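S.K.: Below is the file final_11.txt, with compact mmCIF, C-alpha atoms and all ligand atoms.
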```
# COMPACT_ATOMS: atom_id res chain seq x y z
CA MET A 1 -18.93 -6.18 -94.03
CA ASN A 2 -19.29 -2.59 -94.93
CA ALA A 3 -18.15 0.42 -92.97
CA LEU A 4 -21.61 1.01 -91.47
CA GLU A 5 -21.83 -2.51 -90.21
CA ILE A 6 -18.35 -2.24 -88.71
CA LEU A 7 -19.37 0.98 -87.02
CA LEU A 8 -22.53 -0.61 -85.65
CA LEU A 9 -20.53 -3.57 -84.38
CA LEU A 10 -18.05 -1.28 -82.66
CA ALA A 11 -20.90 0.71 -81.08
CA LEU A 12 -22.46 -2.52 -79.84
CA ALA A 13 -19.15 -3.72 -78.43
CA ALA A 14 -18.66 -0.36 -76.71
CA THR A 15 -22.16 -0.54 -75.22
CA VAL A 16 -21.51 -4.08 -73.95
CA VAL A 17 -18.22 -2.97 -72.38
CA ALA A 18 -19.92 0.12 -70.89
CA VAL A 19 -22.75 -2.00 -69.41
CA TRP A 20 -20.23 -4.51 -68.03
CA TRP A 21 -18.16 -1.68 -66.59
CA LEU A 22 -21.22 -0.04 -65.04
CA ARG A 23 -22.34 -3.34 -63.53
CA ALA A 24 -18.87 -3.95 -62.09
CA ARG A 25 -18.84 -0.41 -60.63
CA LEU A 26 -22.30 -0.91 -59.21
CA ALA A 27 -21.30 -4.22 -57.63
CA ALA A 28 -18.12 -2.65 -56.20
CA THR A 29 -20.07 0.34 -54.80
CA LYS A 30 -22.68 -1.98 -53.38
CA ALA A 31 -20.01 -4.16 -51.76
CA GLN A 32 -18.31 -1.05 -50.40
CA HIS A 33 -21.63 0.21 -49.08
CA LEU A 34 -22.39 -3.13 -47.46
CA ARG A 35 -18.92 -3.17 -45.88
CA GLU A 36 -19.49 0.32 -44.49
CA LEU A 37 -22.92 -0.66 -43.20
CA ALA A 38 -21.46 -3.76 -41.52
CA GLU A 39 -18.71 -1.64 -39.99
CA GLN A 40 -21.21 0.91 -38.72
CA ARG A 41 -23.41 -1.85 -37.34
CA GLY A 42 -20.40 -3.40 -35.60
CA GLN A 43 -19.46 -0.04 -34.08
CA ARG A 44 -23.04 0.59 -32.97
CA GLU A 45 -23.25 -2.87 -31.47
CA ALA A 46 -19.96 -2.35 -29.59
CA GLU A 47 -21.25 1.02 -28.34
CA LEU A 48 -24.54 -0.53 -27.23
CA HIS A 49 -22.66 -3.36 -25.55
CA ALA A 50 -20.37 -0.93 -23.70
CA GLN A 51 -23.36 1.19 -22.71
CA ALA A 52 -25.21 -1.90 -21.45
CA GLU A 53 -22.14 -2.89 -19.45
CA ARG A 54 -21.85 0.58 -17.97
CA THR A 55 -25.54 0.55 -17.02
CA THR A 56 -25.24 -2.92 -15.46
CA ALA A 57 -22.14 -1.86 -13.51
CA LEU A 58 -23.92 1.29 -12.34
CA PHE A 59 -27.02 -0.69 -11.45
CA ASP A 60 -24.94 -3.17 -9.48
CA ARG A 61 -22.89 -0.54 -7.72
CA MET A 62 -25.94 1.34 -6.43
CA VAL A 63 -26.33 1.24 -2.66
CA GLU A 64 -30.09 1.00 -3.05
CA GLY A 65 -31.51 -2.44 -3.69
CA ILE A 66 -33.48 -2.54 -6.95
CA ILE A 67 -35.85 -5.18 -8.29
CA VAL A 68 -37.61 -4.90 -11.68
CA VAL A 69 -40.70 -7.10 -12.00
CA GLY A 70 -42.41 -8.14 -15.25
CA LEU A 71 -46.16 -8.22 -15.92
CA ASP A 72 -46.17 -11.92 -15.12
CA GLY A 73 -45.03 -11.09 -11.56
CA LYS A 74 -41.57 -12.61 -12.18
CA ILE A 75 -38.32 -10.77 -11.59
CA ARG A 76 -36.60 -9.48 -14.72
CA LEU A 77 -33.67 -7.79 -13.08
CA ALA A 78 -32.23 -7.33 -9.60
CA ASN A 79 -28.99 -5.73 -8.44
CA HIS A 80 -26.36 -6.87 -5.93
CA ALA A 81 -27.67 -4.63 -3.14
CA ALA A 82 -31.13 -6.25 -3.40
CA ALA A 83 -29.57 -9.73 -3.47
CA GLU A 84 -27.51 -8.90 -0.37
CA LEU A 85 -30.50 -7.44 1.50
CA PHE A 86 -32.73 -10.44 0.92
CA GLY A 87 -30.03 -13.08 0.68
CA PHE A 88 -30.81 -14.41 -2.82
CA LYS A 89 -28.33 -15.35 -5.55
CA LEU A 90 -27.97 -13.56 -8.88
CA PRO A 91 -29.20 -13.90 -11.60
CA VAL A 92 -32.66 -14.23 -10.14
CA GLN A 93 -34.77 -14.10 -13.33
CA ASP A 94 -37.99 -16.06 -13.45
CA ARG A 95 -38.59 -16.19 -9.75
CA THR A 96 -41.46 -14.27 -8.20
CA VAL A 97 -40.84 -11.41 -5.76
CA LEU A 98 -42.10 -13.59 -2.93
CA GLU A 99 -39.81 -16.49 -3.91
CA ALA A 100 -36.74 -14.23 -4.06
CA THR A 101 -37.36 -11.94 -1.09
CA ARG A 102 -39.36 -14.39 1.06
CA HIS A 103 -41.19 -11.30 2.24
CA HIS A 104 -44.97 -11.08 1.97
CA GLU A 105 -44.95 -7.31 2.52
CA VAL A 106 -42.79 -6.74 -0.61
CA ALA A 107 -44.95 -9.07 -2.71
CA ALA A 108 -48.11 -7.35 -1.42
CA LEU A 109 -46.64 -3.97 -2.31
CA VAL A 110 -46.00 -5.06 -5.91
CA ALA A 111 -49.53 -6.50 -6.11
CA ARG A 112 -50.96 -3.21 -4.83
CA LEU A 113 -49.44 -1.37 -7.80
CA GLU A 114 -52.14 -2.89 -10.03
CA ILE A 115 -54.71 -0.61 -8.45
CA GLU A 116 -52.45 2.13 -7.17
CA PRO A 117 -49.80 2.88 -9.81
CA ALA A 118 -48.25 5.84 -7.98
CA VAL A 119 -45.02 5.62 -5.97
CA LEU A 120 -45.70 3.79 -2.74
CA ASN A 121 -43.68 4.43 0.40
CA HIS A 122 -43.46 1.68 2.91
CA GLU A 123 -41.21 0.92 5.87
CA LEU A 124 -40.00 -2.63 6.13
CA ARG A 125 -38.33 -4.33 9.05
CA LEU A 126 -36.03 -7.22 8.13
CA ASP A 127 -35.32 -9.50 11.05
CA ARG A 128 -32.23 -11.54 10.30
CA VAL A 129 -30.47 -14.07 12.47
CA THR A 130 -27.66 -11.68 13.39
CA GLU A 131 -29.27 -8.26 13.01
CA THR A 132 -32.37 -6.24 12.24
CA ARG A 133 -32.44 -3.92 9.24
CA PHE A 134 -34.88 -1.12 8.51
CA LEU A 135 -35.70 -0.39 4.88
CA GLN A 136 -37.70 2.28 3.15
CA VAL A 137 -39.39 0.78 0.11
CA ASN A 138 -40.54 2.78 -2.92
CA ALA A 139 -42.50 0.97 -5.61
CA LEU A 140 -43.60 2.32 -8.97
CA ALA A 141 -45.67 0.80 -11.79
CA LEU A 142 -43.76 0.91 -15.10
CA ARG A 143 -45.43 1.89 -18.39
CA ALA A 144 -44.38 1.13 -21.97
CA ALA A 145 -44.20 3.98 -24.53
CA SER A 146 -47.77 3.08 -25.58
CA GLY A 147 -48.95 3.74 -22.02
CA ALA A 148 -49.67 0.08 -21.34
CA ARG A 149 -48.57 -1.35 -17.97
CA ASP A 150 -45.15 -2.94 -18.11
CA GLY A 151 -44.41 -4.38 -14.68
CA ALA A 152 -42.95 -2.52 -11.72
CA ILE A 153 -39.75 -1.29 -10.14
CA VAL A 154 -39.12 -1.57 -6.40
CA VAL A 155 -36.33 0.41 -4.68
CA PHE A 156 -35.04 -0.38 -1.16
CA HIS A 157 -33.16 2.27 0.86
CA ASP A 158 -31.34 0.93 3.91
CA LEU A 159 -32.29 3.14 6.88
CA THR A 160 -30.59 0.97 9.51
CA ARG A 161 -27.61 3.28 10.12
CA LEU A 162 -29.94 6.27 10.33
CA ARG A 163 -32.14 4.46 12.85
CA GLN A 164 -29.08 3.48 14.92
CA LEU A 165 -27.83 7.07 14.95
CA GLU A 166 -31.29 8.24 15.96
CA ALA A 167 -31.32 5.74 18.85
CA VAL A 168 -27.83 6.89 19.95
CA ARG A 169 -28.99 10.52 19.77
CA GLN A 170 -32.10 9.82 21.84
CA GLU A 171 -30.09 7.92 24.44
CA PHE A 172 -27.55 10.73 24.54
CA VAL A 173 -30.23 13.39 25.06
CA ALA A 174 -31.81 11.27 27.83
CA ASN A 175 -28.39 10.84 29.48
CA VAL A 176 -27.54 14.54 29.25
CA SER A 177 -30.90 15.48 30.78
CA HIS A 178 -30.35 13.03 33.59
CA GLU A 179 -26.77 14.16 34.24
CA LEU A 180 -27.87 17.80 34.40
CA ARG A 181 -31.09 17.25 36.29
CA THR A 182 -29.56 15.26 39.17
CA PRO A 183 -27.12 17.94 40.43
CA LEU A 184 -29.66 20.67 39.61
CA SER A 185 -32.36 19.10 41.77
CA LEU A 186 -29.86 18.64 44.61
CA ILE A 187 -28.89 22.33 44.34
CA LYS A 188 -32.56 23.30 44.25
CA SER A 189 -33.60 21.28 47.28
CA ALA A 190 -30.55 22.47 49.30
CA ALA A 191 -31.37 26.09 48.39
CA GLU A 192 -35.05 25.53 49.33
CA THR A 193 -34.06 24.07 52.69
CA LEU A 194 -31.93 27.13 53.38
CA ILE A 195 -34.71 29.51 52.31
CA ASP A 196 -37.23 27.62 54.47
CA GLY A 197 -35.31 28.40 57.64
CA GLY A 198 -32.36 26.02 57.57
CA ARG A 199 -30.08 29.08 57.88
CA SER A 200 -30.79 29.36 61.64
CA ASP A 201 -28.42 26.46 62.32
CA PRO A 202 -24.87 27.28 61.14
CA ALA A 203 -23.96 23.56 60.88
CA ILE A 204 -26.94 22.86 58.58
CA THR A 205 -26.23 26.02 56.57
CA ALA A 206 -22.61 24.92 56.04
CA ARG A 207 -23.68 21.40 54.99
CA PHE A 208 -26.25 22.65 52.46
CA LEU A 209 -23.93 25.28 51.04
CA GLU A 210 -21.40 22.49 50.56
CA ILE A 211 -24.01 20.44 48.68
CA ILE A 212 -24.75 23.45 46.46
CA ASP A 213 -21.07 24.07 45.82
CA LYS A 214 -20.29 20.41 45.07
CA ASN A 215 -23.17 20.03 42.64
CA ALA A 216 -22.52 23.36 40.95
CA ASN A 217 -18.96 22.11 40.35
CA ARG A 218 -20.35 18.86 39.02
CA LEU A 219 -22.63 20.72 36.61
CA THR A 220 -19.65 22.76 35.42
CA LEU A 221 -17.61 19.59 34.80
CA VAL A 222 -20.41 17.91 32.82
CA ILE A 223 -21.09 21.02 30.75
CA ASP A 224 -17.38 21.61 30.06
CA ASP A 225 -16.93 17.99 28.93
CA LEU A 226 -20.08 18.14 26.78
CA LEU A 227 -18.97 21.36 25.11
CA LEU A 228 -15.52 19.93 24.43
CA LEU A 229 -17.03 16.77 22.92
CA ALA A 230 -19.37 18.86 20.75
CA ARG A 231 -16.38 20.86 19.49
CA LEU A 232 -14.39 17.68 18.83
CA ASP A 233 -17.38 16.17 16.97
CA SER A 234 -17.75 19.15 14.70
CA GLY A 235 -14.00 19.34 14.06
CA ARG A 236 -13.85 22.79 15.68
CA VAL A 237 -10.94 21.89 17.95
CA GLU A 238 -7.77 23.10 16.34
CA LEU A 239 -4.72 21.13 17.36
CA SER A 240 -1.53 23.08 18.02
CA LEU A 241 0.74 20.30 16.87
CA GLY A 242 4.35 20.22 17.90
CA THR A 243 7.03 17.86 19.15
CA VAL A 244 6.17 16.44 22.57
CA GLY A 245 8.63 14.44 24.67
CA LEU A 246 6.51 11.62 26.12
CA ARG A 247 8.57 11.09 29.24
CA ALA A 248 8.14 14.75 30.27
CA ALA A 249 4.43 14.68 29.33
CA ALA A 250 3.95 11.58 31.49
CA GLN A 251 5.76 13.25 34.40
CA ASP A 252 3.53 16.35 34.14
CA ALA A 253 0.42 14.13 34.26
CA LEU A 254 1.74 12.26 37.29
CA ASP A 255 2.65 15.51 39.07
CA ASP A 256 -0.85 16.87 38.43
CA ALA A 257 -2.37 13.71 39.95
CA ALA A 258 -0.01 13.48 42.95
CA LEU A 259 -2.55 14.84 45.45
CA ILE A 260 -5.43 12.50 44.63
CA ALA A 261 -2.99 9.58 44.35
CA ARG A 262 -1.69 10.29 47.83
CA ALA A 263 -5.23 10.46 49.20
CA ARG A 264 -5.79 6.88 47.95
CA GLY A 265 -2.31 5.69 48.86
CA VAL A 266 -1.52 5.02 45.19
CA SER A 267 2.12 5.05 44.02
CA LEU A 268 2.82 6.62 40.64
CA HIS A 269 5.60 5.40 38.33
CA ASN A 270 7.01 6.94 35.19
CA GLN A 271 8.62 4.24 33.04
CA VAL A 272 8.44 6.10 29.73
CA PRO A 273 11.94 5.97 28.21
CA ALA A 274 13.57 9.28 27.35
CA GLY A 275 13.78 10.30 23.70
CA ILE A 276 10.35 9.17 22.52
CA LEU A 277 8.79 12.07 20.66
CA ALA A 278 5.19 12.43 19.50
CA HIS A 279 3.76 14.84 16.96
CA ALA A 280 0.89 16.09 19.12
CA ASP A 281 -0.86 19.00 20.78
CA PRO A 282 0.77 19.17 24.25
CA GLU A 283 -2.32 20.62 25.99
CA ARG A 284 -4.69 18.03 24.52
CA LEU A 285 -2.26 15.23 25.31
CA ARG A 286 -2.08 16.49 28.88
CA GLN A 287 -5.86 16.24 29.08
CA VAL A 288 -5.84 12.68 27.66
CA LEU A 289 -3.22 11.58 30.17
CA ALA A 290 -5.00 13.38 33.02
CA ASN A 291 -8.23 11.45 32.27
CA LEU A 292 -6.44 8.09 32.03
CA VAL A 293 -4.30 8.61 35.14
CA ASP A 294 -7.29 9.95 37.08
CA ASN A 295 -9.30 6.83 36.14
CA ALA A 296 -6.41 4.51 37.01
CA ILE A 297 -6.22 6.07 40.48
CA LYS A 298 -10.03 6.20 40.96
CA TYR A 299 -10.88 2.72 39.69
CA GLY A 300 -7.59 1.02 40.48
CA ARG A 301 -6.66 -0.51 43.82
CA ALA A 302 -6.39 1.68 46.93
CA ASP A 303 -2.69 1.59 47.93
CA GLY A 304 -1.97 0.18 44.46
CA ASN A 305 0.30 1.27 41.59
CA VAL A 306 -0.24 3.33 38.47
CA THR A 307 2.51 3.07 35.87
CA LEU A 308 3.03 5.03 32.67
CA GLY A 309 5.04 3.37 29.92
CA GLY A 310 5.87 4.11 26.31
CA GLN A 311 7.72 2.94 23.24
CA ALA A 312 8.39 3.83 19.62
CA LEU A 313 6.44 1.68 17.17
CA ALA A 314 7.07 0.74 13.56
CA GLY A 315 5.51 2.99 10.91
CA ALA A 316 6.46 6.33 12.53
CA ARG A 317 4.18 5.89 15.52
CA VAL A 318 4.68 6.07 19.26
CA GLU A 319 2.74 4.44 22.06
CA LEU A 320 1.88 5.55 25.57
CA THR A 321 0.39 3.21 28.17
CA VAL A 322 -1.34 3.77 31.49
CA ARG A 323 -1.50 0.68 33.69
CA ASP A 324 -3.08 0.02 37.06
CA ASP A 325 -3.28 -3.05 39.26
CA GLY A 326 -6.95 -2.63 40.16
CA PRO A 327 -9.95 -4.95 39.78
CA GLY A 328 -10.04 -4.53 35.98
CA ILE A 329 -12.95 -4.10 33.59
CA PRO A 330 -15.47 -6.91 32.90
CA ALA A 331 -15.12 -8.35 29.37
CA GLU A 332 -18.64 -7.27 28.31
CA ALA A 333 -17.92 -3.65 29.34
CA LYS A 334 -14.59 -3.29 27.51
CA SER A 335 -16.12 -2.44 24.16
CA ARG A 336 -18.48 0.09 25.72
CA ILE A 337 -16.38 2.17 28.09
CA PHE A 338 -15.50 4.68 25.33
CA GLU A 339 -19.21 5.42 24.79
CA ARG A 340 -20.56 8.64 26.22
CA PHE A 341 -21.95 8.22 29.76
CA TYR A 342 -21.23 4.50 29.87
CA ARG A 343 -19.96 3.45 33.30
CA VAL A 344 -19.39 0.00 34.70
CA ASP A 345 -20.56 1.13 38.12
CA LYS A 346 -22.70 4.28 37.85
CA ALA A 347 -22.90 5.00 41.58
CA ARG A 348 -19.14 4.60 42.05
CA SER A 349 -18.34 6.86 39.10
CA ARG A 350 -20.67 9.62 40.36
CA GLU A 351 -19.38 9.33 43.89
CA GLN A 352 -15.85 9.84 42.50
CA GLY A 353 -17.00 12.92 40.61
CA GLY A 354 -16.87 11.25 37.18
CA THR A 355 -18.93 12.64 34.30
CA GLY A 356 -18.89 9.41 32.28
CA LEU A 357 -17.34 11.39 29.40
CA GLY A 358 -13.63 11.09 30.20
CA LEU A 359 -12.84 8.13 27.95
CA ALA A 360 -15.05 9.46 25.13
CA ILE A 361 -12.91 12.62 25.22
CA VAL A 362 -9.71 10.53 25.26
CA LYS A 363 -10.86 8.61 22.19
CA ASN A 364 -11.93 11.72 20.27
CA VAL A 365 -8.74 13.65 21.04
CA VAL A 366 -6.50 10.71 20.12
CA GLN A 367 -8.43 10.13 16.90
CA ALA A 368 -8.21 13.84 16.05
CA HIS A 369 -4.41 13.27 16.11
CA GLY A 370 -4.84 10.33 13.71
CA GLY A 371 -4.10 7.91 16.56
CA GLU A 372 -5.89 5.03 18.22
CA VAL A 373 -6.83 3.99 21.72
CA ARG A 374 -7.52 0.53 23.11
CA VAL A 375 -7.74 -1.20 26.44
CA GLU A 376 -6.56 -4.53 27.79
CA SER A 377 -8.00 -5.75 31.04
CA SER A 378 -9.13 -8.87 32.77
CA PRO A 379 -10.99 -9.00 36.04
CA GLY A 380 -8.56 -9.11 38.96
CA ASN A 381 -5.52 -8.36 36.78
CA GLY A 382 -5.63 -4.61 36.42
CA THR A 383 -6.22 -2.47 33.35
CA GLU A 384 -3.90 -1.05 30.72
CA PHE A 385 -4.87 1.68 28.23
CA PHE A 386 -2.76 2.04 25.07
CA ILE A 387 -2.72 5.15 22.93
CA THR A 388 -0.81 5.46 19.69
CA LEU A 389 0.14 8.79 18.15
CA PRO A 390 2.16 9.89 15.13
CA ALA A 391 5.87 10.13 15.93
CA ALA A 392 7.54 13.51 15.60
CA LYS A 393 9.59 13.73 12.44
CA THR A 394 13.20 13.85 13.48
CA VAL A 395 15.48 15.90 11.28
CA ALA A 396 17.97 13.73 9.39
CA VAL A 397 21.56 14.77 10.09
P1 LIG B 1 -16.06 8.37 34.47
O1 LIG B 1 -16.34 9.80 34.56
O2 LIG B 1 -17.17 7.52 34.96
O3 LIG B 1 -14.74 7.99 35.05
P2 LIG B 1 -14.91 7.58 31.94
O4 LIG B 1 -15.42 7.77 30.57
O5 LIG B 1 -13.59 8.18 32.26
O6 LIG B 1 -16.05 8.10 32.90
O7 LIG B 1 -14.84 6.01 32.22
C1 LIG B 1 -15.95 5.22 31.91
C2 LIG B 1 -15.99 4.01 32.81
O8 LIG B 1 -14.93 3.10 32.50
C3 LIG B 1 -15.82 4.32 34.28
O9 LIG B 1 -17.04 4.70 34.88
C4 LIG B 1 -15.33 2.98 34.83
O10 LIG B 1 -16.43 2.15 35.09
C5 LIG B 1 -14.53 2.39 33.66
N1 LIG B 1 -13.07 2.58 33.82
C6 LIG B 1 -12.31 3.55 33.28
N2 LIG B 1 -11.01 3.40 33.60
C7 LIG B 1 -10.94 2.29 34.37
C8 LIG B 1 -9.87 1.58 35.02
N3 LIG B 1 -8.62 2.03 34.95
N4 LIG B 1 -10.19 0.48 35.72
C9 LIG B 1 -11.46 0.02 35.80
N5 LIG B 1 -12.51 0.62 35.20
C10 LIG B 1 -12.26 1.75 34.51
```
Show the structure stored in the file as structure tokens.
M.R.:
Amino acid sequence: MNALEILLLLALAATVVAVWWLRARLAATKAQHLRELAEQRGQREAELHAQAERTTALFDRMVEGIIVVGLDGKIRLANHAAAELFGFKLPVQDRTVLEATRHHEVAALVARLEIEPAVLNHELRLDRVTETRFLQVNALALRAASGARDGAIVVFHDLTRLRQLEAVRQEFVANVSHELRTPLSLIKSAAETLIDGGRSDPAITARFLEIIDKNANRLTLVIDDLLLLARLDSGRVELSLGTVGLRAAAQDALDDAALIARARGVSLHNQVPAGILAHADPERLRQVLANLVDNAIKYGRADGNVTLGGQALAGARVELTVRDDGPGIPAEAKSRIFERFYRVDKARSREQGGTGLGLAIVKNVVQAHGGEVRVESSPGNGTEFFITLPAAKTVAV
């Protein structure tokens, strides 16, 4: 072999090695690239998965019920709120809207979207065994990116609470009008009688002036109570909180009520132990106790007993009780007596000068303190009101 041949052989060997090396590099780079791609794909998949989970959680946590319907009229997706409203189980895929909701109006709404693809507003009344719910339904035809129809989405807003509040508001306005109109018309007719000549007889004049005075006072009471409740509702009543000794507060309330108690022959008893301290506004507490004691005397037994008691409770709370030995409150009325203008016996309450707002004020004032009020009563066995308030913080020695 000559030198040229050797050189050629070496060049060939070098080329083979270079090609092998290049191939190995290429394979390694490719493998590295594939690894990176796989890693990126894994990350992307994890991100998509997390995003899908977040969307599902959001979808399920929405208060509005949502149903997504496919082109075949079958449900693709529904959230918990929709399942709860219509009482179906999740997942609900592959059932029609009618099968899942058992409501023709909802199915008809989805069907209407074929000719009317805009958002449709509809009010739906759901009569259930235990309650009636009112829903506002919005339906919208869905479109794919190409513009082709792609099913529909139906959203249900629960309007029940709003409707209930509206009913309470209407009832309240009707009650207020009635409470104001009754004394006003009595004042008006008494004044008219006097103007029309009733003044010639001093006895008649005195009687009608009394009617005017009594009803003007009544109007003042109702308006004062209404204004106080409005201020309590809007949180405009500022409490001047301090340490209040409950025994002394109970005694003040009983002293204030001594005259009307005597007129009914009712004996008043203060059994609140000394040393029980509440963190409360003394003036507001006085008003609460005045309303409860006044009621106990008015609705309790003539010649009966009204007793105030109290104790310290666990959890830094104190309790005050007002008990009478009167006829009690019927079971069906117990849950309603704290409502505005609710009275067990309307005529009796009015005759006693009640506005029907006393217990509503008690409840609002006690709640403004962070406390609670409840009643225990059974017909024939008297009535006992319980109020709890925060205890005053005693300084550690
Ligand atoms: P009112 O101005 O009519 O007294 P309240 O809100 O103070 O209004 O009380 C509402 C109703 O609760 C009263 O009309 C009465 O029917 C009932 N009530 C309150 N306290 C007692 C009680 N101690 N015993 C029996 N019924 C009571």
S.K.: Could you give me, as a tab-separated table, a per-residue list for chain A showing, wherever an atom lies at most 6 Å from an atom of ligand LIG 1 (chain B), the closest pair of atoms and their distance in Å to one decimal, using only C-alpha atoms and all ligand atoms and sorting by chain then residue number from low to high?
M.R.:
```
residue	atom	partner	partner_atom	distance
A:Asn295	CA	B:LIG1	N2	4.6
A:Ala296	CA	B:LIG1	N3	3.9
A:Tyr299	CA	B:LIG1	N4	4.6
A:Gly300	CA	B:LIG1	N4	5.5
A:Gly328	CA	B:LIG1	C9	4.8
A:Ile329	CA	B:LIG1	C9	4.9
A:Ile337	CA	B:LIG1	O8	4.7
A:Tyr342	CA	B:LIG1	C1	5.7
A:Arg343	CA	B:LIG1	O9	3.5
A:Val344	CA	B:LIG1	O10	3.7
A:Asp345	CA	B:LIG1	O10	5.2
A:Ser349	CA	B:LIG1	O2	4.4
A:Gly354	CA	B:LIG1	O1	3.0
A:Thr355	CA	B:LIG1	O1	3.9
A:Gly356	CA	B:LIG1	O6	3.2
A:Leu357	CA	B:LIG1	O4	4.3
A:Gly358	CA	B:LIG1	O5	3.6
A:Leu359	CA	B:LIG1	O4	3.7
A:Ala360	CA	B:LIG1	O4	5.7
A:Thr383	CA	B:LIG1	N3	5.3
```
S.K.: I'd like the neighbourhood of region 144-159 of chain A as a VMD selection string, where a residue qualifies if any of its atoms comes within 7 Å (using all atoms listed in the file), though same-chain residues fewer than 2 positions away should be ignored.
M.R.: chain A and resid 64 to 71 134 to 142 161 to 163
S.K.: Which residues, written as a PyMOL selection string, have at least one atom at most 10 Å from Ser377 (chain A), with only C-alpha atoms counted and residues fewer than 4 positions away on the same chain left out?
M.R.: chain A and resi 323-331+334+381-385
S.K.: Would you please work out which residue, of A:Pro282, A:Val19, A:Ala78, A:Ser234, is nearest to Asp94 (chain A) when using all atoms listed in the file?
M.R.: A:Ala78
S.K.: Can you list, as a ChimeraX atom specification, every protein, DNA or RNA residue that comes within 7 Å of Ile211 (chain A) when you count all atoms listed in the file, leaving out same-chain residues fewer than 4 positions away?
M.R.: /A:187,190,207,215
S.K.: Print the selection's residues with C-alpha atoms to a file, as a PDB file, keeping the file's coordinate frame.
M.R.:
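What follows is the written file selection-v6.pdb:
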```pdb
ATOM      1  CA  ILE A 187     -28.890  22.330  44.340  1.00  0.00           C
ATOM      2  CA  ALA A 190     -30.550  22.470  49.300  1.00  0.00           C
ATOM      3  CA  ARG A 207     -23.680  21.400  54.990  1.00  0.00           C
ATOM      4  CA  ASN A 215     -23.170  20.030  42.640  1.00  0.00           C
TER       5      ASN A 215
END
```
S.K.: Have a look at CA of Glu123 (chain A) and CA of Phe88 (chain A) and let me know their distance in Å, one decimal.
M.R.: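 CA of Glu123 (chain A) sits 20.5 Å away from CA of Phe88 (chain A).
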S.K.: Write out as a list in words each polymer residue whose atoms come within 10 Å of Gly275 (chain A), counting only C-alpha atoms; drop sequence neighbours fewer than 2 positions from it.
M.R.: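 Listing them by chain and then by number gives Val244, Gly245, Leu246, Arg247, Ala248, Val272, Pro273, Leu277, Ala278, Gln311 and Ala312 of chain A.
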S.K.: Which of these, A:Val362, A:Ala11, A:Val322, A:Ile6, has the shortest distance to Leu232 (chain A) once you count only C-alpha atoms?
M.R.: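 Result for the nearest residue to Leu232 (chain A): A:Val362.
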